[in-house]
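**Student:** This is the structure, below, for whatever I ask next.
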Amino acid sequence: MLGAGSGNDEVAGGAGADTIYGAAGNDTIFGGEDDDVIYGGSGNDVIYLGSDSYSYDVYAAGPNNGDDTVYGFEDGRDHIDLSETSIDSTAKLDAALSTDASGNVVISFAEGGSITIDGVTAGEFSISDVYF
């Protein structure tokens, strides 16, 4: 398990399955090789999921987590865990989805905050990409 402090931190996972926690700052978190679970924390975080073609990464969203950006999301392989948010159904997910000016999918939360998934359009993002 790896974690950030209360400031603006950079945390990197290594080889092996990691659980990585961000904290209150605007953190930059790098998933490493293998299957990682990443929690952003309450700042406006930048998350880089691992690029290992054999791994499955999960970004776990939480209430009031700020406005996070996820890079390296592989459709059909990686997942966004929404179980700690008010989005608990396909209908709520559909209502929360939008796109930014670059065409990236954005998930906005009633509790505040959002997740922008860089390089993934709303048409590519589906129910199979999330956990409720």
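In the structure tokens, each chain is lettered A, B, ... as it comes, each chain's residues begin at 1, and ligands are numbered from 1 in order of appearance.
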If we count only C-alpha atoms, what is near Ala60 of chain A at a cut-off of 12 Å, once residues fewer than 4 positions away on the same chain are taken out, given as a compact mmCIF listing (two decimals) with N, CA and C atoms, in the first residue's frame?
**Tutor:**
```txt
# COMPACT_ATOMS: atom_id res chain seq x y z
N THR A 19 -2.02 -0.93 -4.16
CA THR A 19 -3.14 -0.09 -3.76
C THR A 19 -2.54 1.25 -3.40
N ILE A 20 -2.97 2.30 -4.09
CA ILE A 20 -2.36 3.62 -3.94
C ILE A 20 -3.43 4.61 -3.50
N TYR A 21 -3.11 5.37 -2.44
CA TYR A 21 -4.05 6.35 -1.90
C TYR A 21 -3.50 7.76 -2.09
N GLY A 22 -4.30 8.62 -2.70
CA GLY A 22 -4.02 10.04 -2.69
C GLY A 22 -4.56 10.62 -1.39
N ASP A 36 -3.60 -2.56 -10.36
CA ASP A 36 -3.55 -1.54 -9.31
C ASP A 36 -4.94 -1.03 -9.00
N VAL A 37 -5.14 -0.64 -7.74
CA VAL A 37 -6.34 0.07 -7.32
C VAL A 37 -5.88 1.43 -6.82
N ILE A 38 -6.46 2.49 -7.38
CA ILE A 38 -6.00 3.85 -7.07
C ILE A 38 -7.16 4.66 -6.51
N TYR A 39 -6.94 5.28 -5.35
CA TYR A 39 -7.90 6.18 -4.72
C TYR A 39 -7.31 7.59 -4.79
N GLY A 40 -8.02 8.51 -5.39
CA GLY A 40 -7.47 9.84 -5.60
C GLY A 40 -7.39 10.71 -4.36
N GLY A 41 -8.36 10.66 -3.48
CA GLY A 41 -8.40 11.57 -2.36
C GLY A 41 -9.15 12.84 -2.72
N ILE A 47 -4.31 11.13 -12.50
CA ILE A 47 -4.06 9.71 -12.32
C ILE A 47 -3.58 9.12 -13.64
N LEU A 49 -3.00 5.54 -15.15
CA LEU A 49 -3.13 4.10 -14.96
C LEU A 49 -1.97 3.41 -15.66
N ASN A 65 -14.36 14.22 -4.13
CA ASN A 65 -12.96 13.93 -4.45
C ASN A 65 -12.30 14.97 -5.34
N ASP A 68 -10.87 15.20 -10.92
CA ASP A 68 -9.74 14.35 -11.26
C ASP A 68 -9.69 14.08 -12.76
N VAL A 70 -8.08 11.16 -15.42
CA VAL A 70 -7.49 9.83 -15.53
C VAL A 70 -6.91 9.67 -16.94
N ASP A 78 -9.71 -1.59 -18.01
CA ASP A 78 -9.71 -0.85 -16.75
C ASP A 78 -11.13 -0.50 -16.34
N HIS A 79 -11.30 -0.11 -15.08
CA HIS A 79 -12.63 0.20 -14.56
C HIS A 79 -12.60 1.43 -13.66
N ILE A 80 -13.76 2.09 -13.57
CA ILE A 80 -13.99 3.16 -12.61
C ILE A 80 -14.95 2.60 -11.56
N ASP A 81 -14.53 2.62 -10.30
CA ASP A 81 -15.35 2.10 -9.20
C ASP A 81 -16.18 3.26 -8.64
N LEU A 82 -17.49 3.19 -8.81
CA LEU A 82 -18.40 4.24 -8.36
C LEU A 82 -19.15 3.85 -7.09
N SER A 83 -18.76 2.78 -6.43
CA SER A 83 -19.52 2.25 -5.30
C SER A 83 -19.59 3.20 -4.11
N GLU A 84 -18.69 4.16 -4.01
CA GLU A 84 -18.72 5.12 -2.90
C GLU A 84 -19.42 6.42 -3.28
N THR A 85 -20.07 6.45 -4.43
CA THR A 85 -20.76 7.65 -4.90
C THR A 85 -22.26 7.40 -4.97
N ILE A 115 -14.79 13.27 -12.79
CA ILE A 115 -13.66 12.52 -13.34
C ILE A 115 -13.68 12.73 -14.85
N VAL A 130 -17.59 0.31 -15.49
CA VAL A 130 -17.76 0.78 -14.12
C VAL A 130 -18.17 -0.36 -13.19
N TYR A 131 -17.91 -0.13 -11.90
CA TYR A 131 -18.43 -0.96 -10.82
C TYR A 131 -19.35 -0.07 -10.00
N PHE A 132 -20.53 -0.58 -9.66
CA PHE A 132 -21.44 0.17 -8.77
C PHE A 132 -21.30 -0.34 -7.36
```
**Student:** Looking only at the backbone, which of the residues in chain A does DSSP tag as strand (DSSP E or B), as a ChimeraX atom specification?
**Tutor:** /A:2-3,10-12,19-21,28-30,37-39,46-48,58-60,67-71,79-81,97-99,105-108,114-117,130-131
**Student:** For the residues in the current selection, export N, CA and C atoms as a tab-separated table (two decimals), in the first residue's frame.
**Tutor:**
```tsv
chain	number	residue	atom	x	y	z
A	2	LEU	N	0.57	2.16	-0.88
A	2	LEU	CA	1.31	3.41	-1.00
A	2	LEU	C	0.36	4.57	-0.75
A	3	GLY	N	0.87	5.67	-0.19
A	3	GLY	CA	-0.01	6.79	0.07
A	3	GLY	C	0.68	8.13	-0.04
A	10	GLU	N	3.43	13.39	-5.39
A	10	GLU	CA	3.57	12.47	-6.52
A	10	GLU	C	3.83	11.09	-5.93
A	11	VAL	N	2.99	10.13	-6.32
A	11	VAL	CA	3.12	8.77	-5.81
A	11	VAL	C	3.16	7.82	-7.00
A	12	ALA	N	4.08	6.88	-6.97
A	12	ALA	CA	4.21	5.94	-8.09
A	12	ALA	C	4.18	4.51	-7.59
A	19	THR	N	-2.02	-0.93	-4.16
A	19	THR	CA	-3.14	-0.09	-3.76
A	19	THR	C	-2.54	1.25	-3.40
A	20	ILE	N	-2.97	2.30	-4.09
A	20	ILE	CA	-2.36	3.62	-3.94
A	20	ILE	C	-3.43	4.61	-3.50
A	21	TYR	N	-3.11	5.37	-2.44
A	21	TYR	CA	-4.05	6.35	-1.90
A	21	TYR	C	-3.50	7.76	-2.09
A	28	THR	N	-0.46	13.72	-8.04
A	28	THR	CA	-0.21	13.03	-9.29
A	28	THR	C	0.15	11.60	-8.93
A	29	ILE	N	-0.64	10.66	-9.43
A	29	ILE	CA	-0.48	9.26	-9.04
A	29	ILE	C	-0.24	8.42	-10.29
A	30	PHE	N	0.81	7.63	-10.23
A	30	PHE	CA	1.17	6.75	-11.33
A	30	PHE	C	0.95	5.30	-10.91
A	37	VAL	N	-5.14	-0.64	-7.74
A	37	VAL	CA	-6.34	0.07	-7.32
A	37	VAL	C	-5.88	1.43	-6.82
A	38	ILE	N	-6.46	2.49	-7.38
A	38	ILE	CA	-6.00	3.85	-7.07
A	38	ILE	C	-7.16	4.66	-6.51
A	39	TYR	N	-6.94	5.28	-5.35
A	39	TYR	CA	-7.90	6.18	-4.72
A	39	TYR	C	-7.31	7.59	-4.79
A	46	VAL	N	-4.37	14.02	-10.73
A	46	VAL	CA	-4.06	13.50	-12.06
A	46	VAL	C	-3.60	12.06	-11.85
A	47	ILE	N	-4.31	11.13	-12.50
A	47	ILE	CA	-4.06	9.71	-12.32
A	47	ILE	C	-3.58	9.12	-13.64
A	48	TYR	N	-2.47	8.42	-13.60
A	48	TYR	CA	-1.96	7.70	-14.76
A	48	TYR	C	-2.08	6.21	-14.46
A	58	VAL	N	-8.03	-0.19	-11.57
A	58	VAL	CA	-9.30	0.35	-11.09
A	58	VAL	C	-9.02	1.70	-10.45
A	59	TYR	N	-9.76	2.72	-10.88
A	59	TYR	CA	-9.74	4.01	-10.21
A	59	TYR	C	-11.00	4.08	-9.37
A	60	ALA	N	-10.85	4.24	-8.06
A	60	ALA	CA	-11.99	4.26	-7.15
A	60	ALA	C	-12.38	5.70	-6.86
A	67	ASP	N	-11.89	17.44	-8.79
A	67	ASP	CA	-12.00	17.22	-10.23
A	67	ASP	C	-10.75	16.49	-10.70
A	68	ASP	N	-10.87	15.20	-10.92
A	68	ASP	CA	-9.74	14.35	-11.26
A	68	ASP	C	-9.69	14.08	-12.76
A	69	THR	N	-8.48	13.84	-13.25
A	69	THR	CA	-8.28	13.45	-14.65
A	69	THR	C	-7.54	12.12	-14.67
A	70	VAL	N	-8.08	11.16	-15.42
A	70	VAL	CA	-7.49	9.83	-15.53
A	70	VAL	C	-6.91	9.67	-16.94
A	71	TYR	N	-5.64	9.31	-17.01
A	71	TYR	CA	-4.96	9.04	-18.28
A	71	TYR	C	-4.66	7.55	-18.37
A	79	HIS	N	-11.30	-0.11	-15.08
A	79	HIS	CA	-12.63	0.20	-14.56
A	79	HIS	C	-12.60	1.43	-13.66
A	80	ILE	N	-13.76	2.09	-13.57
A	80	ILE	CA	-13.99	3.16	-12.61
A	80	ILE	C	-14.95	2.60	-11.56
A	81	ASP	N	-14.53	2.62	-10.30
A	81	ASP	CA	-15.35	2.10	-9.20
A	81	ASP	C	-16.18	3.26	-8.64
A	97	LEU	N	-23.00	11.55	-17.26
A	97	LEU	CA	-22.00	11.60	-18.33
A	97	LEU	C	-22.14	12.84	-19.20
A	98	SER	N	-21.00	13.40	-19.55
A	98	SER	CA	-20.94	14.49	-20.52
A	98	SER	C	-19.58	14.39	-21.21
A	99	THR	N	-19.28	15.35	-22.06
A	99	THR	CA	-17.96	15.41	-22.68
A	99	THR	C	-17.37	16.80	-22.50
A	105	VAL	N	-14.77	11.83	-22.13
A	105	VAL	CA	-15.92	11.59	-21.26
A	105	VAL	C	-15.65	12.19	-19.88
A	106	VAL	N	-16.69	12.78	-19.29
A	106	VAL	CA	-16.64	13.37	-17.96
A	106	VAL	C	-17.78	12.77	-17.15
A	107	ILE	N	-17.47	12.29	-15.94
A	107	ILE	CA	-18.49	11.83	-15.01
A	107	ILE	C	-18.57	12.87	-13.91
A	108	SER	N	-19.74	13.50	-13.74
A	108	SER	CA	-19.93	14.53	-12.72
A	108	SER	C	-20.78	13.95	-11.59
A	114	SER	N	-15.68	15.65	-10.19
A	114	SER	CA	-15.86	14.97	-11.48
A	114	SER	C	-14.62	14.15	-11.79
A	115	ILE	N	-14.79	13.27	-12.79
A	115	ILE	CA	-13.66	12.52	-13.34
A	115	ILE	C	-13.68	12.73	-14.85
A	116	THR	N	-12.58	13.21	-15.39
A	116	THR	CA	-12.41	13.28	-16.84
A	116	THR	C	-11.52	12.11	-17.24
A	117	ILE	N	-11.97	11.33	-18.21
A	117	ILE	CA	-11.20	10.18	-18.66
A	117	ILE	C	-10.62	10.53	-20.03
A	130	VAL	N	-17.59	0.31	-15.49
A	130	VAL	CA	-17.76	0.78	-14.12
A	130	VAL	C	-18.17	-0.36	-13.19
A	131	TYR	N	-17.91	-0.13	-11.90
A	131	TYR	CA	-18.43	-0.96	-10.82
A	131	TYR	C	-19.35	-0.07	-10.00
```
**Student:** Would you please work out which residue, of A:Asp75, A:Asp129, A:Asp35, A:Asp94, is nearest to Tyr56 of chain A when using only C-alpha atoms?
**Tutor:**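 Selected residue with least distance to Tyr56 of chain A: A:Asp35.
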**Student:** Please run DSSP on the backbone and report, as an mmCIF file with N, CA and C atoms, in the first residue's frame, all residues within chain A that come out as helix (DSSP H, G or I).
**Tutor:**
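Written out: selection.cif:
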```
data_model
loop_
_atom_site.group_PDB
_atom_site.id
_atom_site.type_symbol
_atom_site.label_atom_id
_atom_site.label_comp_id
_atom_site.auth_asym_id
_atom_site.auth_seq_id
_atom_site.Cartn_x
_atom_site.Cartn_y
_atom_site.Cartn_z
ATOM 1 N N THR A 90 -27.476 2.353 -14.042
ATOM 2 C CA THR A 90 -27.206 2.792 -15.409
ATOM 3 C C THR A 90 -27.847 4.145 -15.689
ATOM 4 N N ALA A 91 -29.066 4.349 -15.198
ATOM 5 C CA ALA A 91 -29.762 5.619 -15.432
ATOM 6 C C ALA A 91 -29.000 6.784 -14.805
ATOM 7 N N LYS A 92 -28.506 6.603 -13.581
ATOM 8 C CA LYS A 92 -27.749 7.674 -12.925
ATOM 9 C C LYS A 92 -26.410 7.909 -13.622
ATOM 10 N N LEU A 93 -25.793 6.834 -14.106
ATOM 11 C CA LEU A 93 -24.545 7.000 -14.844
ATOM 12 C C LEU A 93 -24.785 7.783 -16.125
ATOM 13 N N ASP A 94 -25.817 7.415 -16.860
ATOM 14 C CA ASP A 94 -26.136 8.133 -18.101
ATOM 15 C C ASP A 94 -26.381 9.615 -17.842
ATOM 16 N N ALA A 95 -27.060 9.928 -16.736
ATOM 17 C CA ALA A 95 -27.344 11.325 -16.396
ATOM 18 C C ALA A 95 -26.083 12.083 -15.998
ATOM 19 N N ALA A 96 -25.080 11.369 -15.486
ATOM 20 C CA ALA A 96 -23.853 12.005 -15.011
ATOM 21 C C ALA A 96 -22.805 12.184 -16.101
ATOM 22 N N ILE A 127 -21.369 0.864 -19.516
ATOM 23 C CA ILE A 127 -21.656 0.276 -18.211
ATOM 24 C C ILE A 127 -20.621 -0.783 -17.832
ATOM 25 N N SER A 128 -20.032 -1.439 -18.812
ATOM 26 C CA SER A 128 -19.029 -2.469 -18.517
ATOM 27 C C SER A 128 -17.718 -1.871 -18.011
ATOM 28 N N ASP A 129 -17.576 -0.540 -18.081
ATOM 29 C CA ASP A 129 -16.368 0.132 -17.607
ATOM 30 C C ASP A 129 -16.451 0.568 -16.149
#
```
**Student:** Excluding Gly13 of chain A and its own-chain neighbours fewer than 4 positions away, which residues fall within 7 Å of it when counting only C-alpha atoms? Please give them as a list in words.
**Tutor:**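 Close residues of Gly13 of chain A: Asp18, Phe30, Gly31 and Gly32 of chain A.
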**Student:** One decimal, in Å: what's the spacing between atom CA of Ser102 of chain A and atom CA of Phe125 of chain A?
**Tutor:**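 Those two atoms sit 15.0 Å apart.
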**Student:** Please, what distance in Å, to one decimal, runs between atom CA of Gly103 of chain A and atom CA of Asp45 of chain A?
**Tutor:** 19.7 Å
**Student:** So the first atom is atom CA of Ser51 of chain A and the second is atom CA of Gly16 of chain A; what is the distance between them in Å, to one decimal place?
**Tutor:**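 Separating atom CA of Ser51 of chain A from atom CA of Gly16 of chain A is a distance of 13.0 Å.
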**Student:** Kindly indicate which residue among A:Ala23, A:Gly123, A:Gly113, A:Ala17 lies nearest to Ala61 of chain A, using only C-alpha atoms for the distances.
**Tutor:**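 Among the listed residues, the smallest separation from Ala61 of chain A belongs to A:Gly113.
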